[in-house]
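Step one of this worksheet: look at the structure below.
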Amino acid sequence: MKRILLFTIGLVMSIDIFAQDKIETTISGDIVSSYICRGLKMGNVSIQPTLGVSYKGLSLIAWGSVGFNSDDMKELDLSLGYTIGKLNIGITDYWFSKMDGGDPDGRYFRYNAHSTNHVFEANIGYNFGFTSLQWFTYFTGNDYKADGKRAYSSYMEITVPFKLSKMKWTATGGIVPFTSGLYATNGFAVTNLSLRATKDIKVTDSFSIPIFGQVVANPCSQKAYFILGFTLKP
């Protein structure tokens, strides 16, 4: 699952980028001390590359995560999104090398309903300026209830960006509205309360490295994490 990093791994795209009349490309990579997504621990120290292209509101993004340990789960996400004004919508195909009830061999091109390592998600969100709201729902793929029926696991997140002491901050709150095996919840649950600070470290007059620290708490699982990472981009 993509960190909610792009927007959230997800798809929250900035409006000023999409206002351009030319094709925009993005390439970057994060290195993080732990991979935490929506309050869930997905891995330890990880490299997370991003490659994207956008044009007039339409974007196509590939995002991945791989751990330093060969036994760590690998992830590859492909997202198609569209932004018009302050509204954004999108679809993401998540693939995991390991998944409960999925393909034990981790084959990417296996899409069988009950033995695939893919899960597909739709999202919709709105940027109010002082805050943004996103809703995500898995609509197909490996997401089922114990009785074999589709779970339609969902997640809602609100983010509030602000500046303090010359750093960029983001406060985030996320909930799972009903029972989900993928989110390990039994009914309504708060799964993500986080605070992230980012600061650009100047290396040369024309090159700087964004470094971020993030505290994440998951009240549902009673767990908390501290993440340190940095971003590399041209």
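To be explicit about the labels: the chains of the structure tokens are called A, B, and onward in the order shown, and within each one the residues are counted from 1, while ligands get numbers from 1 in the order they are shown.
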
- Task: Per DSSP on the backbone, filter segment 50-102 of chain A down to the residues in strand (DSSP E or B) and report them as a PyMOL selection string.
- Result: chain A and resi 50-55+58-67+75-84+87-96

Those same residues, written as a PDB file, in the first residue's frame with C-alpha atoms?
```
ATOM      1  CA  THR A  50       8.216   6.828  -7.476  1.00  0.00           C
ATOM      2  CA  LEU A  51       7.829   7.361 -11.221  1.00  0.00           C
ATOM      3  CA  GLY A  52       4.974   9.440 -12.588  1.00  0.00           C
ATOM      4  CA  VAL A  53       3.667  11.402 -15.539  1.00  0.00           C
ATOM      5  CA  SER A  54       0.818  13.924 -15.606  1.00  0.00           C
ATOM      6  CA  TYR A  55      -0.982  16.097 -18.149  1.00  0.00           C
ATOM      7  CA  LEU A  58      -4.581  13.299 -15.527  1.00  0.00           C
ATOM      8  CA  SER A  59      -1.788  11.374 -13.804  1.00  0.00           C
ATOM      9  CA  LEU A  60      -0.258   7.910 -13.981  1.00  0.00           C
ATOM     10  CA  ILE A  61       2.069   6.926 -11.147  1.00  0.00           C
ATOM     11  CA  ALA A  62       4.100   3.838 -10.288  1.00  0.00           C
ATOM     12  CA  TRP A  63       5.202   3.465  -6.667  1.00  0.00           C
ATOM     13  CA  GLY A  64       7.043   0.635  -5.005  1.00  0.00           C
ATOM     14  CA  SER A  65       8.570  -0.508  -1.755  1.00  0.00           C
ATOM     15  CA  VAL A  66      11.308  -3.060  -1.116  1.00  0.00           C
ATOM     16  CA  GLY A  67      13.010  -3.863   2.163  1.00  0.00           C
ATOM     17  CA  GLU A  75       5.023  -3.868  -3.135  1.00  0.00           C
ATOM     18  CA  LEU A  76       4.203  -2.338  -6.510  1.00  0.00           C
ATOM     19  CA  ASP A  77       1.329   0.139  -6.930  1.00  0.00           C
ATOM     20  CA  LEU A  78      -0.014   1.606 -10.169  1.00  0.00           C
ATOM     21  CA  SER A  79      -2.299   4.635  -9.797  1.00  0.00           C
ATOM     22  CA  LEU A  80      -4.422   6.482 -12.326  1.00  0.00           C
ATOM     23  CA  GLY A  81      -5.830   9.770 -11.069  1.00  0.00           C
ATOM     24  CA  TYR A  82      -7.573  12.913 -12.206  1.00  0.00           C
ATOM     25  CA  THR A  83      -7.780  16.301 -10.514  1.00  0.00           C
ATOM     26  CA  ILE A  84     -10.187  19.075 -11.458  1.00  0.00           C
ATOM     27  CA  LEU A  87     -11.531  17.579  -6.390  1.00  0.00           C
ATOM     28  CA  ASN A  88      -9.477  14.445  -7.094  1.00  0.00           C
ATOM     29  CA  ILE A  89     -10.485  10.886  -7.989  1.00  0.00           C
ATOM     30  CA  GLY A  90      -8.411   7.835  -8.743  1.00  0.00           C
ATOM     31  CA  ILE A  91      -7.950   4.086  -8.997  1.00  0.00           C
ATOM     32  CA  THR A  92      -4.961   2.153  -7.654  1.00  0.00           C
ATOM     33  CA  ASP A  93      -3.824  -1.413  -8.290  1.00  0.00           C
ATOM     34  CA  TYR A  94      -1.835  -2.640  -5.253  1.00  0.00           C
ATOM     35  CA  TRP A  95       0.343  -5.757  -5.543  1.00  0.00           C
ATOM     36  CA  PHE A  96       2.131  -7.434  -2.632  1.00  0.00           C
TER      37      PHE A  96
END
```

- Would you list the contacts of Arg107 of chain A as a PyMOL selection string, taking every protein, DNA or RNA residue within 9 Å and counting only C-alpha atoms, but skipping same-chain residues closer than 6 positions in sequence? chain A and resi 97+116-117

- Task: Would you list the contacts of segment 152-169 of chain A as a list in words, taking every protein, DNA or RNA residue within 8 Å and counting only C-alpha atoms, but skipping same-chain residues closer than 6 positions in sequence?
- Result: Phe130, Thr131, Ser132, Leu133, Gln134, Trp135, Phe136, Thr137, Tyr138, Phe139, Thr140, Asp143, Tyr144, Ile175, Val176, Pro177, Phe178, Thr179, Ser180, Gly181, Leu182, Tyr183, Leu195, Arg196, Ala197, Thr198 and Lys199 of chain A

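Shortest atom-to-atom contact with Ile47 of chain A among A:Ala171, A:Val215, A:Val32, A:Ala189: A:Val32, counting only C-alpha atoms.
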
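Residue nearest Ala184 of chain A within the list A:Val216, A:Gly39, A:Gly229, A:Lys22: A:Gly39 [criterion: smallest interatomic distance, only C-alpha atoms].
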